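What follows is the content of target21.tsv, which has TSV, C-alpha atoms and all ligand atoms:
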```
chain	number	residue	atom	x	y	z
A	1	MET	CA	24.05	-5.13	-25.75
A	2	PRO	CA	23.43	-1.98	-23.74
A	3	GLU	CA	20.14	-0.29	-24.44
A	4	PRO	CA	20.47	2.98	-26.28
A	5	ASP	CA	19.79	5.73	-23.78
A	6	LEU	CA	16.91	7.26	-25.63
A	7	PRO	CA	14.09	8.46	-23.44
A	8	GLU	CA	11.05	6.26	-23.65
A	9	ARG	CA	7.68	7.83	-24.15
A	10	HIS	CA	5.25	6.70	-21.62
A	11	SER	CA	1.68	7.17	-20.60
A	12	THR	CA	0.34	5.52	-17.48
A	13	ASP	CA	-2.83	3.50	-17.70
A	14	ALA	CA	-3.65	3.83	-14.01
A	15	LEU	CA	-5.00	0.33	-14.03
A	16	MET	CA	-5.76	-1.01	-10.58
A	17	LEU	CA	-4.83	-4.65	-9.97
A	18	THR	CA	-7.39	-6.99	-8.44
A	19	GLY	CA	-6.59	-10.27	-6.74
A	20	PHE	CA	-4.50	-8.66	-3.99
A	21	TRP	CA	-4.73	-7.48	-0.40
A	22	TYR	CA	-4.91	-3.72	0.18
A	23	ARG	CA	-4.67	-1.61	3.29
A	24	ALA	CA	-8.06	-0.06	3.95
A	25	LEU	CA	-7.94	1.78	7.28
A	26	PRO	CA	-5.64	2.15	10.29
A	27	ALA	CA	-6.75	-0.45	12.84
A	28	ASP	CA	-6.86	2.06	15.69
A	29	ARG	CA	-9.59	4.03	13.92
A	30	VAL	CA	-11.97	1.10	13.64
A	31	HIS	CA	-13.84	0.44	16.85
A	32	ARG	CA	-16.12	-2.34	18.05
A	33	ASN	CA	-19.76	-2.12	16.99
A	34	GLN	CA	-18.99	0.80	14.70
A	35	LEU	CA	-19.12	1.33	10.94
A	36	HIS	CA	-16.66	3.23	8.76
A	37	LYS	CA	-16.60	4.12	5.10
A	38	ALA	CA	-13.61	3.37	2.90
A	39	THR	CA	-12.93	3.15	-0.83
A	40	LEU	CA	-10.54	0.74	-2.50
A	41	LEU	CA	-10.15	0.48	-6.29
A	42	GLU	CA	-13.30	2.60	-6.66
A	43	ILE	CA	-15.27	0.08	-4.64
A	44	PRO	CA	-17.26	1.65	-1.81
A	45	LEU	CA	-16.82	-0.33	1.39
A	46	VAL	CA	-18.28	-0.33	4.85
A	47	ILE	CA	-15.75	-1.55	7.38
A	48	GLY	CA	-16.24	-2.30	11.03
A	49	ARG	CA	-15.58	-4.64	13.92
A	50	ASP	CA	-18.05	-7.08	15.38
A	51	ARG	CA	-18.66	-7.25	19.10
A	52	ALA	CA	-15.67	-9.54	19.57
A	53	GLY	CA	-13.43	-7.03	17.78
A	54	GLN	CA	-13.12	-9.04	14.54
A	55	PRO	CA	-12.94	-6.75	11.52
A	56	PHE	CA	-15.15	-7.14	8.46
A	57	ALA	CA	-15.63	-5.45	5.08
A	58	LEU	CA	-18.80	-5.32	3.01
A	59	ARG	CA	-19.62	-3.56	-0.21
A	60	ASP	CA	-21.30	-0.38	0.90
A	61	SER	CA	-24.36	-1.05	-1.16
A	62	CYS	CA	-27.48	-3.01	-0.30
A	63	PRO	CA	-28.24	-5.83	-2.75
A	64	HIS	CA	-31.91	-4.78	-2.69
A	65	ARG	CA	-31.81	-1.22	-4.04
A	66	GLY	CA	-28.21	-0.10	-3.63
A	67	MET	CA	-28.69	1.84	-0.43
A	68	PRO	CA	-25.36	2.53	1.33
A	69	LEU	CA	-25.20	0.29	4.36
A	70	ASN	CA	-22.86	2.48	6.41
A	71	GLY	CA	-25.79	4.43	7.87
A	72	GLY	CA	-27.63	1.32	9.03
A	73	ASN	CA	-28.11	-0.12	12.48
A	74	PHE	CA	-25.39	-2.47	13.59
A	75	ASP	CA	-25.76	-4.68	16.65
A	76	GLY	CA	-22.22	-6.07	16.59
A	77	GLU	CA	-23.28	-9.04	14.47
A	78	ASN	CA	-25.83	-8.11	11.83
A	79	LEU	CA	-26.06	-4.92	9.82
A	80	GLU	CA	-29.52	-3.60	8.98
A	81	CYS	CA	-30.10	-1.63	5.79
A	82	PRO	CA	-31.66	1.74	6.58
A	83	TYR	CA	-34.11	1.54	3.63
A	84	HIS	CA	-36.22	-1.63	4.11
A	85	GLY	CA	-34.49	-3.18	7.08
A	86	TRP	CA	-32.93	-6.22	5.44
A	87	GLN	CA	-30.31	-7.67	7.77
A	88	PHE	CA	-26.93	-9.07	6.77
A	89	ASP	CA	-24.32	-11.09	8.63
A	90	VAL	CA	-21.30	-8.79	8.51
A	91	HIS	CA	-18.74	-11.57	8.07
A	92	ASN	CA	-20.13	-13.28	5.01
A	93	GLY	CA	-22.77	-10.81	3.87
A	94	GLN	CA	-25.52	-13.43	4.02
A	95	CYS	CA	-29.02	-12.04	4.39
A	96	GLN	CA	-30.64	-12.97	7.71
A	97	LEU	CA	-33.98	-11.22	7.55
A	98	ILE	CA	-36.34	-9.47	5.15
A	99	PRO	CA	-38.94	-7.80	7.34
A	100	SER	CA	-41.53	-7.34	4.56
A	101	LEU	CA	-41.96	-11.08	3.97
A	102	THR	CA	-45.11	-12.69	5.32
A	103	HIS	CA	-45.15	-16.12	6.94
A	104	ASP	CA	-46.38	-17.96	3.88
A	105	GLN	CA	-43.88	-16.36	1.48
A	106	THR	CA	-41.12	-18.80	0.70
A	107	LEU	CA	-38.36	-16.55	-0.66
A	108	ARG	CA	-35.00	-18.06	0.30
A	109	VAL	CA	-33.55	-15.20	2.30
A	110	ASP	CA	-30.29	-17.10	2.93
A	111	ARG	CA	-29.48	-17.15	-0.78
A	112	ILE	CA	-29.14	-13.38	-0.85
A	113	TYR	CA	-25.79	-11.77	-0.08
A	114	ALA	CA	-24.45	-8.30	0.40
A	115	GLY	CA	-20.96	-8.27	-1.19
A	116	SER	CA	-18.44	-9.38	1.42
A	117	PHE	CA	-14.64	-9.18	1.25
A	118	PRO	CA	-11.95	-11.12	3.10
A	119	CYS	CA	-10.69	-8.83	5.84
A	120	GLU	CA	-7.72	-9.09	8.23
A	121	GLU	CA	-5.98	-7.00	10.79
A	122	GLN	CA	-2.21	-6.94	10.37
A	123	ASP	CA	0.50	-4.55	11.61
A	124	SER	CA	-1.71	-1.59	12.57
A	125	PHE	CA	-4.00	-1.83	9.52
A	126	ILE	CA	-7.25	-3.41	8.44
A	127	TRP	CA	-6.49	-5.13	5.13
A	128	VAL	CA	-9.13	-6.05	2.57
A	129	TYR	CA	-8.69	-8.59	-0.20
A	130	ILE	CA	-10.12	-7.41	-3.52
A	131	PRO	CA	-10.87	-10.49	-5.64
A	132	ASP	CA	-10.73	-10.48	-9.43
A	133	ALA	CA	-14.46	-10.49	-9.74
A	134	ALA	CA	-15.33	-8.25	-6.84
A	135	PRO	CA	-18.86	-8.81	-5.52
A	136	GLN	CA	-21.08	-6.29	-7.21
A	137	GLY	CA	-23.65	-6.45	-4.50
A	138	ALA	CA	-25.63	-8.27	-7.16
A	139	GLY	CA	-27.28	-10.41	-4.58
A	140	PHE	CA	-26.28	-14.03	-4.91
A	141	THR	CA	-22.48	-13.93	-4.83
A	142	GLN	CA	-20.96	-15.72	-1.90
A	143	PRO	CA	-17.77	-14.24	-0.48
A	144	ALA	CA	-14.48	-15.09	-2.20
A	145	GLU	CA	-11.57	-16.51	-0.26
A	146	ALA	CA	-8.14	-14.93	-0.23
A	147	PRO	CA	-5.45	-17.30	-1.53
A	148	ALA	CA	-2.94	-16.15	1.12
A	149	PRO	CA	-2.96	-14.09	4.31
A	150	ALA	CA	-2.40	-10.32	4.20
A	151	PRO	CA	1.24	-9.16	3.89
A	152	GLN	CA	3.22	-8.70	7.08
A	153	ILE	CA	6.21	-6.66	8.12
A	154	GLU	CA	9.29	-8.75	8.69
A	155	LYS	CA	10.24	-8.66	12.37
A	156	PHE	CA	13.48	-10.03	13.78
A	157	THR	CA	12.71	-9.98	17.50
A	158	THR	CA	9.44	-10.44	19.31
A	159	LYS	CA	9.80	-7.18	21.23
A	160	CYS	CA	9.52	-4.18	19.01
A	161	LYS	CA	7.73	-0.91	18.48
A	162	THR	CA	5.59	0.10	15.55
A	163	ALA	CA	4.23	3.32	14.11
A	164	TYR	CA	2.33	4.27	10.98
A	165	LEU	CA	1.66	7.36	8.96
A	166	GLN	CA	-0.37	8.05	5.85
A	167	ALA	CA	-0.93	10.66	3.19
A	168	GLU	CA	-3.39	10.99	0.33
A	169	MET	CA	-2.10	11.88	-3.10
A	170	PRO	CA	-4.25	13.23	-5.94
A	171	VAL	CA	-2.53	11.03	-8.54
A	172	SER	CA	-3.10	7.56	-9.99
A	173	ILE	CA	-1.62	4.48	-8.36
A	174	ASP	CA	1.07	4.36	-11.06
A	175	HIS	CA	2.36	7.86	-10.37
A	176	GLY	CA	2.22	7.16	-6.66
A	177	ILE	CA	4.32	4.04	-7.06
A	178	ILE	CA	6.89	5.33	-9.50
A	179	GLY	CA	7.24	8.42	-7.31
A	180	LEU	CA	8.01	6.12	-4.41
A	181	MET	CA	10.73	4.19	-6.24
A	182	ASP	CA	12.25	7.13	-8.08
A	183	PRO	CA	15.76	7.87	-6.77
A	184	ALA	CA	16.35	11.09	-8.69
A	185	HIS	CA	13.92	13.42	-6.92
A	186	GLY	CA	15.69	13.15	-3.55
A	187	PRO	CA	18.04	16.11	-3.83
A	188	PHE	CA	15.26	18.37	-5.13
A	189	VAL	CA	12.23	17.34	-3.11
A	190	HIS	CA	13.73	16.13	0.14
A	191	GLN	CA	15.92	19.04	1.11
A	192	ALA	CA	16.28	20.02	4.74
A	193	TRP	CA	19.08	21.83	6.52
A	194	TRP	CA	19.57	18.95	8.95
A	195	TRP	CA	19.57	16.49	6.17
A	196	ARG	CA	21.04	17.29	2.85
A	197	ASN	CA	20.86	19.83	0.09
A	198	ARG	CA	21.03	19.67	-3.67
A	199	HIS	CA	24.80	20.10	-3.61
A	200	SER	CA	25.26	16.77	-1.85
A	201	ILE	CA	24.24	15.06	-5.10
A	202	HIS	CA	26.70	12.35	-6.10
A	203	GLU	CA	26.95	9.27	-8.25
A	204	LYS	CA	25.51	6.04	-6.90
A	205	ARG	CA	25.60	2.46	-8.05
A	206	LYS	CA	23.10	-0.06	-6.78
A	207	ASN	CA	22.66	-3.73	-7.55
A	208	PHE	CA	19.21	-5.03	-8.30
A	209	GLU	CA	17.98	-8.58	-8.67
A	210	PRO	CA	14.69	-10.15	-9.72
A	211	ILE	CA	12.43	-11.64	-7.04
A	212	PRO	CA	8.99	-13.20	-7.61
A	213	ASN	CA	6.59	-10.48	-8.80
A	214	GLY	CA	9.14	-7.77	-8.06
A	215	PHE	CA	12.73	-6.69	-7.69
A	216	ARG	CA	15.22	-6.16	-4.91
A	217	MET	CA	17.85	-3.56	-4.33
A	218	SER	CA	20.41	-6.00	-2.97
A	219	ALA	CA	21.74	-5.73	0.57
A	220	HIS	CA	24.14	-2.81	0.69
A	221	THR	CA	25.49	-0.22	3.08
A	222	PRO	CA	22.94	2.58	2.89
A	223	SER	CA	24.05	5.74	1.14
A	224	SER	CA	25.52	8.24	3.53
A	225	ASN	CA	22.71	10.74	3.02
A	226	SER	CA	19.83	8.36	3.68
A	227	ALA	CA	17.59	8.86	6.67
A	228	PRO	CA	17.89	5.46	8.34
A	229	TYR	CA	21.65	5.50	7.92
A	230	LYS	CA	22.05	8.73	9.85
A	231	LEU	CA	19.94	7.40	12.69
A	232	LEU	CA	21.59	4.01	12.70
A	233	ARG	CA	25.08	5.39	12.96
A	234	LEU	CA	24.14	6.13	16.54
A	235	TYR	CA	23.99	2.38	17.15
A	236	ALA	CA	26.50	0.56	15.08
A	237	ASP	CA	29.60	1.24	13.10
A	238	ALA	CA	28.91	2.29	9.57
A	239	GLY	CA	30.29	-0.85	7.92
A	240	SER	CA	27.96	-3.22	9.76
A	241	ILE	CA	24.79	-1.50	8.58
A	242	THR	CA	23.01	-3.12	5.65
A	243	THR	CA	19.75	-2.32	4.01
A	244	THR	CA	17.61	-4.24	1.53
A	245	ILE	CA	14.72	-2.74	-0.39
A	246	ASP	CA	12.13	-4.87	-2.16
A	247	PHE	CA	9.29	-3.91	-4.41
A	248	VAL	CA	6.58	-6.50	-5.01
A	249	LEU	CA	3.32	-6.18	-6.94
A	250	PRO	CA	0.84	-4.72	-6.57
A	251	ASN	CA	2.17	-1.97	-4.32
A	252	LEU	CA	4.48	-3.25	-1.59
A	253	ARG	CA	7.79	-1.61	-0.75
A	254	THR	CA	9.71	-3.28	2.05
A	255	GLU	CA	12.83	-1.79	3.54
A	256	THR	CA	14.87	-3.79	6.02
A	257	ILE	CA	17.86	-2.34	7.81
A	258	ARG	CA	20.05	-4.37	10.09
A	259	ALA	CA	22.84	-3.18	12.30
A	260	GLY	CA	24.10	-5.96	14.53
A	261	LYS	CA	21.29	-6.90	16.88
A	262	TYR	CA	19.30	-3.84	15.93
A	263	TRP	CA	16.85	-3.75	13.10
A	264	PHE	CA	14.33	-1.52	11.44
A	265	SER	CA	11.68	-2.68	8.94
A	266	SER	CA	9.07	-0.79	7.06
A	267	LEU	CA	6.30	-1.78	4.72
A	268	THR	CA	5.07	1.06	2.56
A	269	THR	CA	2.04	0.62	0.34
A	270	VAL	CA	0.48	2.87	-2.26
A	271	THR	CA	-3.20	2.06	-2.37
A	272	PRO	CA	-5.48	2.87	-5.28
A	273	ILE	CA	-8.56	4.67	-3.99
A	274	THR	CA	-9.87	5.79	-7.35
A	275	ARG	CA	-8.33	6.03	-10.80
A	276	SER	CA	-6.91	9.44	-9.94
A	277	GLN	CA	-6.28	9.20	-6.24
A	278	CYS	CA	-4.04	7.04	-4.12
A	279	ARG	CA	-2.89	6.88	-0.52
A	280	ILE	CA	0.53	6.11	0.86
A	281	ASP	CA	0.72	4.21	4.15
A	282	VAL	CA	4.03	3.64	5.88
A	283	VAL	CA	4.18	1.18	8.76
A	284	ALA	CA	7.49	0.78	10.52
A	285	ALA	CA	8.64	-1.71	13.16
A	286	TRP	CA	11.96	-1.54	15.00
A	287	ASN	CA	13.84	-2.56	18.09
A	288	LEU	CA	16.01	0.56	18.12
A	289	PHE	CA	15.69	3.66	20.25
A	290	ARG	CA	14.39	1.82	23.27
A	291	TRP	CA	16.76	3.71	25.51
A	292	LEU	CA	16.05	6.94	23.69
A	293	PRO	CA	12.75	8.39	24.93
A	294	PHE	CA	12.26	10.65	21.92
A	295	GLY	CA	13.33	7.96	19.43
A	296	PRO	CA	9.98	7.02	17.93
A	297	GLU	CA	8.94	10.65	17.72
A	298	LEU	CA	12.17	11.55	16.00
A	299	LEU	CA	11.65	8.71	13.57
A	300	LYS	CA	8.06	9.68	12.90
A	301	PHE	CA	9.13	13.25	12.43
A	302	VAL	CA	11.71	12.29	9.82
A	303	PHE	CA	9.31	10.03	7.94
A	304	ALA	CA	6.38	12.42	8.18
A	305	LYS	CA	8.55	15.13	6.72
A	306	PHE	CA	9.52	12.95	3.76
A	307	VAL	CA	6.01	11.77	3.11
A	308	GLU	CA	4.69	15.32	3.27
A	309	GLN	CA	7.32	16.48	0.80
A	310	ASP	CA	6.28	13.69	-1.56
A	311	ARG	CA	2.60	14.48	-1.08
A	312	ARG	CA	3.09	18.15	-1.86
A	313	THR	CA	5.14	17.30	-4.93
A	314	MET	CA	2.46	14.96	-6.26
A	315	GLU	CA	-0.21	17.55	-5.61
A	316	MET	CA	1.70	19.93	-7.87
A	317	GLN	CA	2.35	17.17	-10.39
A	318	ALA	CA	-1.39	16.43	-10.54
A	319	GLU	CA	-1.91	19.98	-11.89
A	320	GLY	CA	0.43	19.21	-14.76
A	321	LEU	CA	-1.08	15.79	-15.41
A	322	LYS	CA	-4.57	17.27	-15.86
A	323	HIS	CA	-3.60	18.22	-19.39
A	324	ASN	CA	-2.56	14.71	-20.29
A	325	PRO	CA	1.05	15.46	-21.24
A	326	HIS	CA	3.41	13.02	-22.94
A	327	LEU	CA	5.77	11.57	-20.36
A	328	MET	CA	9.09	9.80	-20.54
A	329	LEU	CA	11.14	7.30	-18.61
A	330	ILE	CA	14.92	7.52	-18.87
A	331	ASP	CA	17.81	5.19	-17.95
A	332	ASP	CA	18.92	4.35	-15.27
A	333	ALA	CA	17.10	6.49	-12.79
A	334	ASP	CA	13.73	5.48	-14.23
A	335	ARG	CA	14.61	1.83	-14.73
A	336	PRO	CA	12.76	0.69	-11.58
A	337	ALA	CA	9.68	2.50	-12.89
A	338	LYS	CA	10.03	0.63	-16.20
A	339	TRP	CA	10.30	-2.65	-14.33
A	340	TYR	CA	7.14	-1.79	-12.44
A	341	PHE	CA	5.16	-1.27	-15.63
A	342	GLN	CA	6.68	-4.40	-17.18
A	343	LEU	CA	5.89	-6.47	-14.09
A	344	LYS	CA	2.36	-5.21	-14.16
A	345	SER	CA	1.79	-6.12	-17.78
A	346	ALA	CA	3.56	-9.48	-17.35
A	347	HIS	CA	1.25	-10.22	-14.42
A	348	LEU	CA	-1.85	-9.33	-16.44
A	349	GLU	CA	-0.61	-11.31	-19.42
A	350	ALA	CA	0.00	-14.39	-17.24
A	351	LYS	CA	-3.48	-14.06	-15.81
A	352	ARG	CA	-4.95	-13.80	-19.27
A	353	THR	CA	-3.11	-16.79	-20.70
A	354	GLY	CA	-2.75	-18.93	-17.57
A	355	ALA	CA	1.00	-19.21	-18.28
A	356	GLU	CA	3.74	-18.37	-15.78
A	357	THR	CA	4.60	-14.70	-15.23
A	358	LYS	CA	7.50	-13.70	-17.46
A	359	HIS	CA	9.81	-11.63	-15.29
A	360	PRO	CA	11.13	-8.54	-17.09
A	361	MET	CA	14.62	-8.93	-15.53
A	362	GLN	CA	16.90	-11.69	-16.78
A	363	GLY	CA	19.21	-11.52	-13.76
A	364	PRO	CA	21.08	-9.10	-11.50
A	365	VAL	CA	21.61	-5.58	-12.88
A	366	THR	CA	23.67	-2.63	-11.66
A	367	LEU	CA	22.08	0.76	-12.07
A	368	LYS	CA	23.89	4.09	-11.86
A	369	TRP	CA	22.49	7.52	-11.21
A	370	ARG	CA	23.31	10.75	-9.45
A	371	SER	CA	21.23	11.71	-6.45
A	401	LIG	S1	-32.39	-1.04	-0.18
A	401	LIG	FE1	-31.63	-2.15	1.46
A	401	LIG	S2	-33.34	-3.16	2.24
A	401	LIG	FE2	-34.09	-2.15	0.50
A	402	FE	FE	10.23	10.89	-2.03
```

Mind converting the file's structure to structure tokens?
Ligand code: FES
Ligand SMILES: [Fe+2]
Amino acid sequence: MPEPDLPERHSTDALMLTGFWYRALPADRVHRNQLHKATLLEIPLVIGRDRAGQPFALRDSCPHRGMPLNGGNFDGENLECPYHGWQFDVHNGQCQLIPSLTHDQTLRVDRIYAGSFPCEEQDSFIWVYIPDAAPQGAGFTQPAEAPAPAPQIEKFTTKCKTAYLQAEMPVSIDHGIIGLMDPAHGPFVHQAWWWRNRHSIHEKRKNFEPIPNGFRMSAHTPSSNSAPYKLLRLYADAGSITTTIDFVLPNLRTETIRAGKYWFSSLTTVTPITRSQCRIDVVAAWNLFRWLPFGPELLKFVFAKFVEQDRRTMEMQAEGLKHNPHLMLIDDADRPAKWYFQLKSAHLEAKRTGAETKHPMQGPVTLKWRS
């Protein structure tokens, strides 16, 4: 039975999901023997690279008296708290030295830990795994292990180029994500003379299918006013171009476009910084444009323009959200947003009960909207 098309009242809970990898910082900003501050899910972090270039992430709080560690001395191996000089191994947080101890004092220094997080470098970013019970810097918690490696961009050839861009948005993770998957704002937010205008709005039909922890916009020929499509038409005939878009919890949007031997992939994440602030990071990889010297710049220009339009929109939206308005989600344009909230609560429910996640979609669905 079709759902009645009544708008659904909705308020976002802005809940940030633990037990996942998150992008913390662009890898090219984190240098050897240096320390950087970052915040993920309201957790203050100090991130750096050891002398071999291996990245690490610690809670930016000394287990002794909570002093931020980012201002301490770092020799490429151990990080020294600036308050009383306790030293911690940056990779597991284990305390190495407490300078105030005398020879005959038997305190087990090695049982003390600064909170340490699994940390990996992948596709231009330093990723940090935030476990369910994140180390509080409480002193005796050994580092958790991540159940799987950090997410990767799908690449179809070994030779390819990559680029990233990022933007901070003054809205909760939920608004950041549903803004990312919302098809209806295109004609109003993403206008440009070289692109499209609000009069190019037309009806679209897209097939969606459930995938583990997410949903997929099934492989289709991209709509004629989409950015990648316009660029790809330079390479292949329109009919051979297909694109697939996946969304997977907690925040991963993958877009894969293939045109014969050419391909373009992107992995976009919306990362919760605090309850009311998120950051969008787009990393793209492609084997196109190699013969076109300005290709990557053109691509970056197009994406940067879109991301900036979204950022500005969310900045304005944040003004409206300050007053805690009632919100609604409508069919079908807001159906992906509904799935997101349903996936999120199904995930939390499964974690609570230990049962399998109940996917909100029963099977493939066709959605229609005008954009
Ligand atoms: S607060 Fe860090 S050593 Fe005392
Ligand atoms: Fe957008």

Taking only residues of chain A that have an atom at most 8 Å from an atom of ligand LIG 401 (chain A), what is each one's shortest atom pair and its distance in Å to one decimal, using only C-alpha atoms and all ligand atoms, in chain and number order, as a Markdown table?
```
| residue | atom | partner | partner_atom | distance |
| --- | --- | --- | --- | --- |
| A:Ser61 | CA | A:LIG401 | FE1 | 7.8 |
| A:Cys62 | CA | A:LIG401 | FE1 | 4.6 |
| A:Pro63 | CA | A:LIG401 | FE1 | 6.5 |
| A:His64 | CA | A:LIG401 | S1 | 4.5 |
| A:Arg65 | CA | A:LIG401 | S1 | 3.9 |
| A:Gly66 | CA | A:LIG401 | S1 | 5.5 |
| A:Met67 | CA | A:LIG401 | S1 | 4.7 |
| A:Pro68 | CA | A:LIG401 | FE1 | 7.8 |
| A:Leu69 | CA | A:LIG401 | FE1 | 7.5 |
| A:Glu80 | CA | A:LIG401 | S2 | 7.8 |
| A:Cys81 | CA | A:LIG401 | FE1 | 4.6 |
| A:Pro82 | CA | A:LIG401 | FE1 | 6.4 |
| A:Tyr83 | CA | A:LIG401 | FE2 | 4.8 |
| A:His84 | CA | A:LIG401 | S2 | 3.8 |
| A:Gly85 | CA | A:LIG401 | S2 | 5.0 |
| A:Trp86 | CA | A:LIG401 | S2 | 4.4 |
| A:Gln87 | CA | A:LIG401 | S2 | 7.8 |
| A:Ile98 | CA | A:LIG401 | S2 | 7.6 |
```

Contacts between ligand FE 402 (chain A) and chain A, please, where a residue of chain A counts if it comes within 9 Å (with all atoms listed in the file); show its shortest atom pair and distance in Å to one decimal, rows by chain and ascending number, as a Markdown table.
```
| residue | atom | partner | partner_atom | distance |
| --- | --- | --- | --- | --- |
| A:Gly179 | CA | A:FE402 | FE | 6.6 |
| A:Leu180 | CA | A:FE402 | FE | 5.8 |
| A:Met181 | CA | A:FE402 | FE | 7.9 |
| A:Asp182 | CA | A:FE402 | FE | 7.4 |
| A:Pro183 | CA | A:FE402 | FE | 7.9 |
| A:His185 | CA | A:FE402 | FE | 6.6 |
| A:Gly186 | CA | A:FE402 | FE | 6.1 |
| A:Val189 | CA | A:FE402 | FE | 6.8 |
| A:His190 | CA | A:FE402 | FE | 6.7 |
| A:Phe306 | CA | A:FE402 | FE | 6.2 |
| A:Val307 | CA | A:FE402 | FE | 6.7 |
| A:Glu308 | CA | A:FE402 | FE | 8.9 |
| A:Gln309 | CA | A:FE402 | FE | 6.9 |
| A:Asp310 | CA | A:FE402 | FE | 4.9 |
| A:Arg311 | CA | A:FE402 | FE | 8.5 |
| A:Thr313 | CA | A:FE402 | FE | 8.7 |
```

Counting only C-alpha atoms, which residue out of A:Leu107, A:Leu17, A:Ala148, A:Ile211 sits closest to Ala133 (chain A)? A:Leu17

Residues at most 10 Å from Leu249 (chain A), counting all atoms listed in the file, excluding those fewer than 5 positions away in the same chain, as number ranges by chain? A: 17, 20, 212-215, 340, 343-344, 347

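Closest approach to Thr158 (chain A) among A:Ala304, A:Ala285, A:Leu327, A:Leu35 is made by A:Ala285 (distances from only C-alpha atoms).
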
So, with all atoms listed in the file as the atoms that count, which of A:Gln122, A:Gln277, A:Thr102, A:Asn207 lies closest to His175 (chain A)?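 Result for the nearest residue to His175 (chain A): A:Gln277.
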
From the options A:Leu165, A:Leu367, A:Ala27, A:Ala52, which residue's atoms come nearest to Phe303 (chain A), counting only C-alpha atoms?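 Of all the options, A:Leu165 lies closest to Phe303 (chain A).
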
By how many Å are CA of Gly53 (chain A) and CA of Glu77 (chain A) apart?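 Calculated distance between CA of Gly53 (chain A) and CA of Glu77 (chain A) is 10.6 Å.
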
Under the rule that only C-alpha atoms are counted, which of A:Val109, A:Leu329, A:Val270, A:Leu348 is the nearest residue to Asp132 (chain A)?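 Distance minimum relative to Asp132 (chain A) lands on A:Leu348.
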
Within 12 Å of Ser124 (chain A), counting all atoms listed in the file, which residues show up once you throw out same-chain ones fewer than 3 positions away? Write them as a list of chain:residue names, please.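 Counting all atoms listed in the file, the residues come to A:Arg23, A:Ala24, A:Leu25, A:Pro26, A:Ala27, A:Asp28, A:Arg29, A:Val30, A:Glu120, A:Glu121, A:Trp127, A:Pro151, A:Gln152, A:Ile153, A:Lys161, A:Thr162, A:Ala163, A:Tyr164, A:Leu165, A:Gln166, A:Leu267, A:Asp281, A:Val282, A:Val283, A:Ala284, A:Ala285.
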
Got time to write the residues from that selection, C-alpha atoms, as a PDB file, in the frame of the given file?
```
ATOM      1  CA  ARG A  23      -4.670  -1.610   3.290  1.00  0.00           C
ATOM      2  CA  ALA A  24      -8.060  -0.060   3.950  1.00  0.00           C
ATOM      3  CA  LEU A  25      -7.940   1.780   7.280  1.00  0.00           C
ATOM      4  CA  PRO A  26      -5.640   2.150  10.290  1.00  0.00           C
ATOM      5  CA  ALA A  27      -6.750  -0.450  12.840  1.00  0.00           C
ATOM      6  CA  ASP A  28      -6.860   2.060  15.690  1.00  0.00           C
ATOM      7  CA  ARG A  29      -9.590   4.030  13.920  1.00  0.00           C
ATOM      8  CA  VAL A  30     -11.970   1.100  13.640  1.00  0.00           C
ATOM      9  CA  GLU A 120      -7.720  -9.090   8.230  1.00  0.00           C
ATOM     10  CA  GLU A 121      -5.980  -7.000  10.790  1.00  0.00           C
ATOM     11  CA  TRP A 127      -6.490  -5.130   5.130  1.00  0.00           C
ATOM     12  CA  PRO A 151       1.240  -9.160   3.890  1.00  0.00           C
ATOM     13  CA  GLN A 152       3.220  -8.700   7.080  1.00  0.00           C
ATOM     14  CA  ILE A 153       6.210  -6.660   8.120  1.00  0.00           C
ATOM     15  CA  LYS A 161       7.730  -0.910  18.480  1.00  0.00           C
ATOM     16  CA  THR A 162       5.590   0.100  15.550  1.00  0.00           C
ATOM     17  CA  ALA A 163       4.230   3.320  14.110  1.00  0.00           C
ATOM     18  CA  TYR A 164       2.330   4.270  10.980  1.00  0.00           C
ATOM     19  CA  LEU A 165       1.660   7.360   8.960  1.00  0.00           C
ATOM     20  CA  GLN A 166      -0.370   8.050   5.850  1.00  0.00           C
ATOM     21  CA  LEU A 267       6.300  -1.780   4.720  1.00  0.00           C
ATOM     22  CA  ASP A 281       0.720   4.210   4.150  1.00  0.00           C
ATOM     23  CA  VAL A 282       4.030   3.640   5.880  1.00  0.00           C
ATOM     24  CA  VAL A 283       4.180   1.180   8.760  1.00  0.00           C
ATOM     25  CA  ALA A 284       7.490   0.780  10.520  1.00  0.00           C
ATOM     26  CA  ALA A 285       8.640  -1.710  13.160  1.00  0.00           C
TER      27      ALA A 285
END
```

Residues near Gly48 (chain A), anyone? I mean within 8 Å using only C-alpha atoms, not counting same-chain ones fewer than 3 positions away, as a compact mmCIF listing (two decimals) with C-alpha atoms, in the frame of the given file.
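After the write, around35.txt holds the following:
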```txt
# COMPACT_ATOMS: atom_id res chain seq x y z
CA VAL A 30 -11.97 1.10 13.64
CA HIS A 31 -13.84 0.44 16.85
CA ARG A 32 -16.12 -2.34 18.05
CA ASN A 33 -19.76 -2.12 16.99
CA GLN A 34 -18.99 0.80 14.70
CA LEU A 35 -19.12 1.33 10.94
CA HIS A 36 -16.66 3.23 8.76
CA PRO A 55 -12.94 -6.75 11.52
CA PHE A 56 -15.15 -7.14 8.46
CA ALA A 57 -15.63 -5.45 5.08
```
